[in-house]
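Participant: Following this line is entry.pdb, made up of PDB, C-alpha atoms:
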```pdb
ATOM      1  CA  MET A   1      -1.181-172.059  94.886
ATOM      2  CA  VAL A   2       0.153-172.496  91.351
ATOM      3  CA  LYS A   3      -1.537-169.236  90.422
ATOM      4  CA  ARG A   4       0.216-167.533  93.331
ATOM      5  CA  ILE A   5       3.632-168.888  92.294
ATOM      6  CA  ILE A   6       3.080-167.612  88.792
ATOM      7  CA  LEU A   7       1.796-164.261  90.019
ATOM      8  CA  PHE A   8       4.475-163.548  92.629
ATOM      9  CA  GLY A   9       7.414-165.684  91.441
ATOM     10  CA  VAL A  10       7.581-166.303  87.725
ATOM     11  CA  PHE A  11       5.942-163.084  86.588
ATOM     12  CA  PRO A  12       8.242-160.678  88.524
ATOM     13  CA  ALA A  13      11.279-162.781  87.528
ATOM     14  CA  LEU A  14      10.265-162.410  83.885
ATOM     15  CA  ILE A  15       9.822-158.669  84.269
ATOM     16  CA  ILE A  16      13.263-158.354  85.909
ATOM     17  CA  ALA A  17      14.915-160.504  83.225
ATOM     18  CA  LEU A  18      13.285-158.391  80.552
ATOM     19  CA  GLY A  19      14.478-155.233  82.320
ATOM     20  CA  VAL A  20      18.062-156.491  82.538
ATOM     21  CA  TRP A  21      18.024-157.583  78.902
ATOM     22  CA  TYR A  22      16.659-154.183  77.858
ATOM     23  CA  TYR A  23      19.286-152.311  79.905
ATOM     24  CA  VAL A  24      22.249-154.391  78.698
ATOM     25  CA  PHE A  25      21.431-154.794  75.018
ATOM     26  CA  VAL A  26      19.086-151.974  74.055
ATOM     27  CA  TYR A  27      19.479-149.034  76.435
ATOM     28  CA  SER A  28      23.308-149.229  76.585
ATOM     29  CA  LYS A  29      23.554-149.347  72.830
ATOM     30  CA  ASN A  30      21.555-146.176  72.381
ATOM     31  CA  HIS A  31      22.699-144.200  75.419
ATOM     32  CA  HIS A  32      26.315-143.157  75.386
ATOM     33  CA  ARG A  33      27.930-140.933  77.941
ATOM     34  CA  ASP A  34      27.235-137.352  76.956
ATOM     35  CA  VAL A  35      29.063-134.521  78.709
ATOM     36  CA  MET A  36      26.685-131.852  77.410
ATOM     37  CA  ASN A  37      24.807-131.696  80.715
ATOM     38  CA  GLU A  38      27.581-132.872  83.030
ATOM     39  CA  LYS A  39      29.214-130.501  85.491
ATOM     40  CA  ALA A  40      32.726-129.877  84.197
ATOM     41  CA  ILE A  41      36.076-128.922  85.674
ATOM     42  CA  GLN A  42      37.189-125.517  84.346
ATOM     43  CA  VAL A  43      40.766-125.385  83.086
ATOM     44  CA  THR A  44      42.841-123.645  80.400
ATOM     45  CA  SER A  45      44.833-125.550  77.770
ATOM     46  CA  VAL A  46      48.016-123.967  79.198
ATOM     47  CA  GLN A  47      47.211-125.178  82.734
ATOM     48  CA  ILE A  48      46.287-128.735  81.786
ATOM     49  CA  VAL A  49      49.430-129.267  79.674
ATOM     50  CA  LYS A  50      51.558-127.904  82.529
ATOM     51  CA  GLY A  51      49.782-130.262  84.914
ATOM     52  CA  PHE A  52      50.492-133.333  82.781
ATOM     53  CA  GLN A  53      54.102-132.267  82.219
ATOM     54  CA  ALA A  54      54.718-131.737  85.929
ATOM     55  CA  SER A  55      53.289-135.102  87.001
ATOM     56  CA  GLU A  56      51.360-137.416  84.732
ATOM     57  CA  ASN A  57      50.084-139.498  87.661
ATOM     58  CA  THR A  58      48.759-136.517  89.589
ATOM     59  CA  ALA A  59      47.163-135.059  86.465
ATOM     60  CA  ASN A  60      45.610-138.434  85.601
ATOM     61  CA  SER A  61      43.966-138.668  89.020
ATOM     62  CA  GLN A  62      42.753-135.106  88.570
ATOM     63  CA  TYR A  63      41.460-135.231  85.004
ATOM     64  CA  LEU A  64      41.221-138.797  83.640
ATOM     65  CA  ASN A  65      37.703-139.765  82.545
ATOM     66  CA  LYS A  66      36.340-136.467  83.939
ATOM     67  CA  ALA A  67      34.257-133.915  82.100
ATOM     68  CA  LEU A  68      36.406-130.854  81.439
ATOM     69  CA  GLU A  69      35.768-127.413  80.022
ATOM     70  CA  ILE A  70      39.008-126.256  78.436
ATOM     71  CA  THR A  71      39.645-122.717  77.287
ATOM     72  CA  GLY A  72      42.408-122.195  74.773
ATOM     73  CA  GLN A  73      43.547-120.754  71.483
ATOM     74  CA  VAL A  74      42.982-122.903  68.403
ATOM     75  CA  ALA A  75      46.195-123.991  66.668
ATOM     76  CA  GLU A  76      44.555-125.987  63.895
ATOM     77  CA  VAL A  77      41.324-127.627  62.815
ATOM     78  CA  LYS A  78      41.465-130.924  60.955
ATOM     79  CA  LYS A  79      39.611-134.130  60.147
ATOM     80  CA  ASP A  80      40.722-137.464  61.563
ATOM     81  CA  GLN A  81      40.706-140.716  59.552
ATOM     82  CA  ALA A  82      37.144-141.453  60.628
ATOM     83  CA  GLY A  83      35.986-138.030  59.398
ATOM     84  CA  ASN A  84      35.550-136.457  62.853
ATOM     85  CA  THR A  85      36.582-132.833  63.330
ATOM     86  CA  THR A  86      39.634-132.391  65.563
ATOM     87  CA  VAL A  87      40.598-129.108  67.203
ATOM     88  CA  THR A  88      44.085-128.644  68.661
ATOM     89  CA  LEU A  89      44.544-126.013  71.347
ATOM     90  CA  LYS A  90      47.847-124.284  72.030
ATOM     91  CA  SER A  91      49.761-124.473  75.289
ATOM     92  CA  ASP A  92      52.892-122.636  76.457
ATOM     93  CA  ASP A  93      55.010-125.445  75.002
ATOM     94  CA  PRO A  94      55.198-125.161  71.179
ATOM     95  CA  PHE A  95      55.447-128.976  70.844
ATOM     96  CA  VAL A  96      52.548-129.959  73.098
ATOM     97  CA  PHE A  97      48.857-129.373  72.424
ATOM     98  CA  VAL A  98      45.418-130.368  73.632
ATOM     99  CA  LEU A  99      43.886-132.596  70.946
ATOM    100  CA  CYS A 100      40.084-132.508  71.035
ATOM    101  CA  THR A 101      37.911-134.780  68.887
ATOM    102  CA  LEU A 102      34.476-133.233  68.418
ATOM    103  CA  LYS A 103      31.266-135.200  68.628
ATOM    104  CA  LYS A 104      29.660-133.169  65.872
ATOM    105  CA  GLN A 105      31.035-130.858  63.263
ATOM    106  CA  THR A 106      31.298-127.244  64.408
ATOM    107  CA  ALA A 107      32.809-124.294  62.593
ATOM    108  CA  VAL A 108      35.974-123.201  64.402
ATOM    109  CA  ASN A 109      38.831-121.107  63.034
ATOM    110  CA  SER A 110      42.504-121.279  63.950
ATOM    111  CA  GLY A 111      43.629-118.377  66.107
ATOM    112  CA  GLN A 112      40.221-118.123  67.739
ATOM    113  CA  THR A 113      39.898-118.628  71.506
ATOM    114  CA  VAL A 114      37.311-121.288  72.305
ATOM    115  CA  LYS A 115      35.901-123.253  75.197
ATOM    116  CA  ILE A 116      35.659-126.994  74.579
ATOM    117  CA  LYS A 117      33.815-129.471  76.774
ATOM    118  CA  GLY A 118      34.769-133.136  76.661
ATOM    119  CA  ILE A 119      36.155-136.202  78.414
ATOM    120  CA  CYS A 120      39.883-136.428  79.147
ATOM    121  CA  THR A 121      41.337-139.813  78.107
ATOM    122  CA  GLY A 122      44.949-139.058  79.074
ATOM    123  CA  PHE A 123      48.296-137.834  77.812
ATOM    124  CA  LEU A 124      50.428-139.018  74.887
ATOM    125  CA  SER A 125      52.404-136.289  73.072
ATOM    126  CA  ASP A 126      49.328-134.172  73.638
ATOM    127  CA  VAL A 127      46.544-134.125  76.200
ATOM    128  CA  VAL A 128      43.676-136.010  74.539
ATOM    129  CA  ILE A 129      40.008-134.975  74.841
ATOM    130  CA  ASN A 130      37.199-137.110  73.461
ATOM    131  CA  ASP A 131      33.459-136.715  72.717
ATOM    132  CA  ALA A 132      33.813-132.968  72.819
ATOM    133  CA  TYR A 133      31.533-130.004  72.143
ATOM    134  CA  VAL A 134      32.431-126.410  71.419
ATOM    135  CA  VAL A 135      30.684-124.448  74.178
ATOM    136  CA  GLU A 136      28.714-121.445  72.954
ATOM    137  CA  GLU A 137      29.508-118.372  74.988
TER     138      GLU A 137
ATOM    139  CA  MET B   1      80.994-116.203  43.091
ATOM    140  CA  LYS B   2      82.953-118.685  45.150
ATOM    141  CA  SER B   3      80.949-117.887  48.249
ATOM    142  CA  LYS B   4      77.750-118.279  46.254
ATOM    143  CA  ILE B   5      78.766-121.753  45.139
ATOM    144  CA  LEU B   6      79.821-122.572  48.647
ATOM    145  CA  SER B   7      76.537-121.471  50.151
ATOM    146  CA  LEU B   8      74.692-123.365  47.430
ATOM    147  CA  LEU B   9      76.699-126.469  48.343
ATOM    148  CA  VAL B  10      75.942-126.020  52.040
ATOM    149  CA  LEU B  11      72.279-125.498  51.279
ATOM    150  CA  SER B  12      72.016-128.557  49.049
ATOM    151  CA  GLY B  13      73.887-130.522  51.717
ATOM    152  CA  MET B  14      71.326-129.409  54.265
ATOM    153  CA  ILE B  15      68.458-130.384  52.002
ATOM    154  CA  LEU B  16      70.040-133.766  51.339
ATOM    155  CA  SER B  17      70.664-134.504  54.996
ATOM    156  CA  ALA B  18      67.143-133.382  55.813
ATOM    157  CA  HIS B  19      65.930-135.743  53.136
ATOM    158  CA  ALA B  20      68.123-138.533  54.475
ATOM    159  CA  GLN B  21      66.174-138.818  57.675
ATOM    160  CA  LYS B  22      62.554-137.940  58.020
ATOM    161  CA  ILE B  23      60.088-138.478  60.812
ATOM    162  CA  TYR B  24      56.648-139.492  59.655
ATOM    163  CA  ALA B  25      54.028-138.851  62.300
ATOM    164  CA  THR B  26      50.308-138.927  62.981
ATOM    165  CA  ARG B  27      48.148-138.295  66.020
ATOM    166  CA  THR B  28      44.911-139.536  64.518
ATOM    167  CA  GLY B  29      45.643-143.073  63.392
ATOM    168  CA  GLN B  30      43.088-145.838  63.922
ATOM    169  CA  VAL B  31      43.176-149.081  65.878
ATOM    170  CA  PHE B  32      40.279-151.534  65.717
ATOM    171  CA  PHE B  33      39.832-154.080  68.462
ATOM    172  CA  ASN B  34      37.712-157.206  68.144
ATOM    173  CA  ALA B  35      37.251-159.881  70.783
ATOM    174  CA  SER B  36      33.865-161.303  69.813
ATOM    175  CA  GLY B  37      33.583-164.762  71.318
ATOM    176  CA  GLY B  38      29.930-165.603  71.054
ATOM    177  CA  MET B  39      26.881-164.092  69.472
ATOM    178  CA  GLU B  40      27.484-160.599  70.782
ATOM    179  CA  LYS B  41      29.832-158.331  68.849
ATOM    180  CA  ILE B  42      32.663-157.078  71.066
ATOM    181  CA  ALA B  43      34.420-154.498  68.946
ATOM    182  CA  ALA B  44      35.793-151.019  69.403
ATOM    183  CA  VAL B  45      37.683-148.315  67.557
ATOM    184  CA  ASN B  46      40.247-145.787  68.721
ATOM    185  CA  ASN B  47      40.673-142.718  66.482
ATOM    186  CA  GLN B  48      43.502-140.979  68.353
ATOM    187  CA  VAL B  49      46.388-143.346  67.813
ATOM    188  CA  GLU B  50      49.761-141.675  67.818
ATOM    189  CA  SER B  51      52.540-143.034  65.657
ATOM    190  CA  LYS B  52      56.010-141.974  64.621
ATOM    191  CA  MET B  53      58.296-143.607  62.094
ATOM    192  CA  LEU B  54      61.888-142.868  61.119
ATOM    193  CA  ASP B  55      62.456-143.747  57.475
ATOM    194  CA  LYS B  56      66.209-144.177  57.796
ATOM    195  CA  THR B  57      66.309-146.599  60.712
ATOM    196  CA  GLY B  58      62.838-148.085  60.379
ATOM    197  CA  GLN B  59      62.110-147.370  64.033
ATOM    198  CA  ILE B  60      58.395-147.232  64.658
ATOM    199  CA  VAL B  61      56.215-146.382  67.657
ATOM    200  CA  PHE B  62      52.464-146.635  68.147
ATOM    201  CA  SER B  63      50.767-145.421  71.304
ATOM    202  CA  LEU B  64      47.166-145.015  72.344
ATOM    203  CA  LEU B  65      44.971-144.271  75.335
ATOM    204  CA  VAL B  66      42.769-147.174  76.384
ATOM    205  CA  LYS B  67      39.914-144.859  77.387
ATOM    206  CA  GLY B  68      39.820-143.666  73.780
ATOM    207  CA  PHE B  69      38.271-146.958  72.595
ATOM    208  CA  HIS B  70      34.645-146.543  71.551
ATOM    209  CA  PHE B  71      32.216-149.447  71.679
ATOM    210  CA  ASP B  72      28.697-149.383  70.239
ATOM    211  CA  ASN B  73      27.495-150.406  73.675
ATOM    212  CA  GLN B  74      28.293-148.061  76.561
ATOM    213  CA  LEU B  75      28.012-150.829  79.162
ATOM    214  CA  MET B  76      30.545-152.913  77.237
ATOM    215  CA  GLU B  77      32.863-149.897  77.086
ATOM    216  CA  ASP B  78      32.571-149.422  80.861
ATOM    217  CA  HIS B  79      33.311-153.108  81.544
ATOM    218  CA  PHE B  80      36.238-153.058  79.100
ATOM    219  CA  ASN B  81      37.772-150.126  81.002
ATOM    220  CA  GLU B  82      36.946-151.134  84.565
ATOM    221  CA  ASN B  83      36.993-154.945  84.717
ATOM    222  CA  TYR B  84      39.418-155.910  81.977
ATOM    223  CA  MET B  85      41.875-153.184  80.939
ATOM    224  CA  GLU B  86      41.840-151.316  84.288
ATOM    225  CA  SER B  87      42.410-148.188  82.252
ATOM    226  CA  SER B  88      42.552-145.813  85.219
ATOM    227  CA  LYS B  89      45.573-147.725  86.491
ATOM    228  CA  TYR B  90      47.041-148.433  83.041
ATOM    229  CA  PRO B  91      45.870-145.629  80.743
ATOM    230  CA  LYS B  92      48.217-146.386  77.835
ATOM    231  CA  ALA B  93      49.103-149.140  75.411
ATOM    232  CA  GLU B  94      52.236-148.894  73.347
ATOM    233  CA  PHE B  95      54.239-150.699  70.681
ATOM    234  CA  LYS B  96      57.887-149.893  70.081
ATOM    235  CA  GLY B  97      59.816-151.662  67.365
ATOM    236  CA  TYR B  98      61.302-151.472  63.905
ATOM    237  CA  LEU B  99      60.686-152.451  60.316
ATOM    238  CA  LYS B 100      62.835-155.515  59.705
ATOM    239  CA  ASN B 101      62.827-155.420  55.911
ATOM    240  CA  LEU B 102      63.622-151.764  55.370
ATOM    241  CA  ASN B 103      65.736-152.646  52.298
ATOM    242  CA  ALA B 104      62.649-153.853  50.456
ATOM    243  CA  ILE B 105      60.911-150.481  50.824
ATOM    244  CA  ASP B 106      61.468-147.405  48.682
ATOM    245  CA  ILE B 107      59.592-144.568  50.342
ATOM    246  CA  SER B 108      60.365-142.217  47.449
ATOM    247  CA  LYS B 109      58.423-144.459  45.057
ATOM    248  CA  ASP B 110      54.654-144.971  45.022
ATOM    249  CA  GLY B 111      53.601-148.528  45.690
ATOM    250  CA  ARG B 112      52.508-151.176  48.156
ATOM    251  CA  TYR B 113      55.231-152.834  50.177
ATOM    252  CA  ASN B 114      54.928-155.830  52.485
ATOM    253  CA  ILE B 115      56.530-155.043  55.816
ATOM    254  CA  GLN B 116      57.748-157.135  58.714
ATOM    255  CA  VAL B 117      57.601-155.496  62.112
ATOM    256  CA  SER B 118      59.264-156.668  65.290
ATOM    257  CA  GLY B 119      59.212-155.128  68.747
ATOM    258  CA  GLN B 120      57.725-154.874  72.215
ATOM    259  CA  MET B 121      54.039-154.465  72.928
ATOM    260  CA  MET B 122      52.897-153.006  76.237
ATOM    261  CA  ILE B 123      49.277-153.505  77.264
ATOM    262  CA  HIS B 124      47.807-153.440  80.797
ATOM    263  CA  GLY B 125      51.295-152.682  82.184
ATOM    264  CA  VAL B 126      52.701-155.944  80.752
ATOM    265  CA  THR B 127      55.292-156.012  77.952
ATOM    266  CA  GLN B 128      55.481-158.864  75.437
ATOM    267  CA  LYS B 129      57.449-159.461  72.267
ATOM    268  CA  LEU B 130      55.448-159.043  69.096
ATOM    269  CA  GLU B 131      56.223-159.917  65.475
ATOM    270  CA  SER B 132      53.782-158.992  62.791
ATOM    271  CA  GLU B 133      53.331-158.344  59.107
ATOM    272  CA  GLY B 134      51.651-155.465  57.440
ATOM    273  CA  ILE B 135      51.634-153.274  54.381
ATOM    274  CA  LEU B 136      53.118-149.871  53.781
ATOM    275  CA  ILE B 137      51.462-147.839  51.059
ATOM    276  CA  VAL B 138      53.185-144.893  49.439
ATOM    277  CA  ALA B 139      50.926-142.619  47.404
ATOM    278  CA  ASN B 140      51.857-139.081  46.315
ATOM    279  CA  GLY B 141      54.605-138.894  48.905
ATOM    280  CA  LYS B 142      52.215-139.828  51.724
ATOM    281  CA  ILE B 143      52.667-142.966  53.756
ATOM    282  CA  GLU B 144      50.038-145.271  55.192
ATOM    283  CA  ILE B 145      50.680-148.371  57.286
ATOM    284  CA  LYS B 146      48.119-151.126  57.724
ATOM    285  CA  GLY B 147      48.541-154.145  59.914
ATOM    286  CA  SER B 148      46.621-156.862  61.676
ATOM    287  CA  PHE B 149      47.696-159.143  64.484
ATOM    288  CA  LYS B 150      46.279-161.313  67.227
ATOM    289  CA  ILE B 151      47.013-161.028  70.916
ATOM    290  CA  ASN B 152      46.430-163.612  73.568
ATOM    291  CA  ILE B 153      44.505-161.631  76.191
ATOM    292  CA  LYS B 154      45.788-163.586  79.192
ATOM    293  CA  ASP B 155      49.433-163.010  78.136
ATOM    294  CA  PHE B 156      48.969-159.438  79.250
ATOM    295  CA  GLY B 157      47.708-160.324  82.711
ATOM    296  CA  ILE B 158      44.132-159.429  81.830
ATOM    297  CA  ASN B 159      41.751-161.583  83.827
ATOM    298  CA  GLY B 160      38.053-161.185  83.610
ATOM    299  CA  LEU B 161      35.021-163.305  84.011
ATOM    300  CA  TYR B 162      34.054-163.981  80.416
ATOM    301  CA  ILE B 163      37.410-164.504  78.679
ATOM    302  CA  GLY B 164      37.293-167.710  76.649
ATOM    303  CA  ASP B 165      33.499-167.682  76.761
ATOM    304  CA  LYS B 166      31.613-164.613  75.545
ATOM    305  CA  ILE B 167      34.937-162.898  74.996
ATOM    306  CA  ALA B 168      37.444-164.573  72.680
ATOM    307  CA  LYS B 169      40.753-165.742  74.162
ATOM    308  CA  THR B 170      42.598-164.005  71.378
ATOM    309  CA  ALA B 171      41.665-160.526  70.273
ATOM    310  CA  THR B 172      42.235-159.264  66.755
ATOM    311  CA  VAL B 173      43.814-155.843  66.451
ATOM    312  CA  ASP B 174      43.731-153.983  63.138
ATOM    313  CA  LEU B 175      45.724-150.859  62.599
ATOM    314  CA  ASP B 176      45.534-148.109  59.997
ATOM    315  CA  CYS B 177      47.800-145.050  60.226
ATOM    316  CA  LYS B 178      48.030-142.317  57.613
ATOM    317  CA  TYR B 179      51.180-140.288  58.227
ATOM    318  CA  GLU B 180      51.830-136.645  57.527
TER     319      GLU B 180
END
```
How does the structure come out when it is put into structure tokens?

Facilitator:
Amino acid sequence: MVKRIILFGVFPALIIALGVWYYVFVYSKNHHRDVMNEKAIQVTSVQIVKGFQASENTANSQYLNKALEITGQVAEVKKDQAGNTTVTLKSDDPFVFVLCTLKKQTAVNSGQTVKIKGICTGFLSDVVINDAYVVEE
Amino acid sequence: MKSKILSLLVLSGMILSAHAQKIYATRTGQVFFNASGGMEKIAAVNNQVESKMLDKTGQIVFSLLVKGFHFDNQLMEDHFNENYMESSKYPKAEFKGYLKNLNAIDISKDGRYNIQVSGQMMIHGVTQKLESEGILIVANGKIEIKGSFKINIKDFGINGLYIGDKIAKTATVDLDCKYE
């Protein structure tokens, strides 16, 4: 009887506990969301800025936290304070851009038209895209 | 000759007035968040903090997107967004205020100045008064502002299971903005 309790009660409980611990503290630390293989919404930098300017709420429900593939012309390439490469894409409005922070350094030149895949975190002065990749055509 | 002098005067006047009020801005400032309560580290960084400062009036604004906070642990990041900050409903956090001791700062001179900031902080759709101290560093004409303050999580209507236990009741927020 005791053997049975250990075999069918304690042992599976231990396995489950170990699994939960592994998922919470080990797996989640080493596996971050990566949009590389996610299906993305296709949009241009002009369209997305227009969308957020027309209605921030509607655009948020459309784009927030989603994987996007944004096509646009590069206004400037810079480094942020943490050393990440940032690429700003032009829109029709000379004061509003799409600010993309790249996950890894990629050579991009201003004036070039690129496609950038990343996660939309919302709209401040610019539309902000995080964890982004430059998509090779 | 007269017209030349006149245009020179107008030009210098324009330069002076342009110098009189300047907007310092950044879109890639940093905010560090720490709410470690127990053994587990609960800390995140946001690298896309927007800030604007007017040197003449001392008005200052910081804004950020909550979904831009990065945790080491993806599960923690998901819980932070979904269960605590409800970042789909409240995507932004913002501070609007002013530098109280503007007289003590000379932006045209390199140095470190202690600053006192006062204003309104909006997090999770709730606005609270906030007073804080920080430092303003001027180096080669560039400005950097650093600050650190504590916020009582429940003051902002954030209710979650582990606050006061695994998550500290008060979170520490550190800020570092290098202006252009």

Participant: At a cut-off of 7 Å, can you tabulate as JSON lines every residue of chain B near chain A together with its closest atom pair and the distance in Å to one decimal, using all atoms listed in the file and ordering rows by chain then number?

Facilitator:
```
{"residue": "B:Thr28", "atom": "CA", "partner": "A:Asp80", "partner_atom": "CA", "distance": 5.5}
{"residue": "B:Gly29", "atom": "CA", "partner": "A:Gln81", "partner_atom": "CA", "distance": 6.7}
{"residue": "B:Asn47", "atom": "CA", "partner": "A:Ala82", "partner_atom": "CA", "distance": 7.0}
{"residue": "B:Leu65", "atom": "CA", "partner": "A:Thr121", "partner_atom": "CA", "distance": 6.4}
{"residue": "B:Lys67", "atom": "CA", "partner": "A:Thr121", "partner_atom": "CA", "distance": 5.3}
{"residue": "B:Gly68", "atom": "CA", "partner": "A:Thr121", "partner_atom": "CA", "distance": 6.0}
{"residue": "B:Asp72", "atom": "CA", "partner": "A:Lys29", "partner_atom": "CA", "distance": 5.8}
{"residue": "B:Asn73", "atom": "CA", "partner": "A:Lys29", "partner_atom": "CA", "distance": 4.2}
{"residue": "B:Gln74", "atom": "CA", "partner": "A:Ser28", "partner_atom": "CA", "distance": 5.1}
{"residue": "B:Leu75", "atom": "CA", "partner": "A:Ser28", "partner_atom": "CA", "distance": 5.6}
{"residue": "B:Pro91", "atom": "CA", "partner": "A:Gly122", "partner_atom": "CA", "distance": 6.8}
```

Participant: Selection from above, C-alpha atoms, as a short mmCIF file (atom, residue, chain, number, x, y, z; two decimals), in the coordinates of the input, can you write it?

Facilitator:
```cif
data_model
loop_
_atom_site.label_atom_id
_atom_site.label_comp_id
_atom_site.auth_asym_id
_atom_site.auth_seq_id
_atom_site.Cartn_x
_atom_site.Cartn_y
_atom_site.Cartn_z
CA THR B 28 44.91 -139.54 64.52
CA GLY B 29 45.64 -143.07 63.39
CA ASN B 47 40.67 -142.72 66.48
CA LEU B 65 44.97 -144.27 75.33
CA LYS B 67 39.91 -144.86 77.39
CA GLY B 68 39.82 -143.67 73.78
CA ASP B 72 28.70 -149.38 70.24
CA ASN B 73 27.50 -150.41 73.68
CA GLN B 74 28.29 -148.06 76.56
CA LEU B 75 28.01 -150.83 79.16
CA PRO B 91 45.87 -145.63 80.74
#
```

Participant: Give me, please, the distance in Å between CA of Gln30 (chain B) and CA of Ser148 (chain B), quoted to one decimal.

Facilitator: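 Distance reported for this atom pair: 11.8 Å.
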
Participant: Would you compute the box with edges along x, y and z of the file around region 60-65 of chain B, including every atom the file lists for it and 3 Å extra on each side, and give its centre and edge lengths in Å to one decimal, as AutoDock Vina command-line options?

Facilitator:
```
--center_x 51.7 --center_y -145.8 --center_z 70.0 --size_x 19.4 --size_y 9.0 --size_z 16.7
```

Participant: Could you tell me how far CA of Ile123 (chain B) sits from CA of Val35 (chain A), in Å to one decimal place?

Facilitator: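 So the answer is 27.8 Å.
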
Participant: Rounded to one decimal place, report the CA of Val134 (chain A)-CA of Ala44 (chain B) distance in Å.

Facilitator: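 Answer for the CA of Val134 (chain A) to CA of Ala44 (chain B) separation: 24.9 Å.
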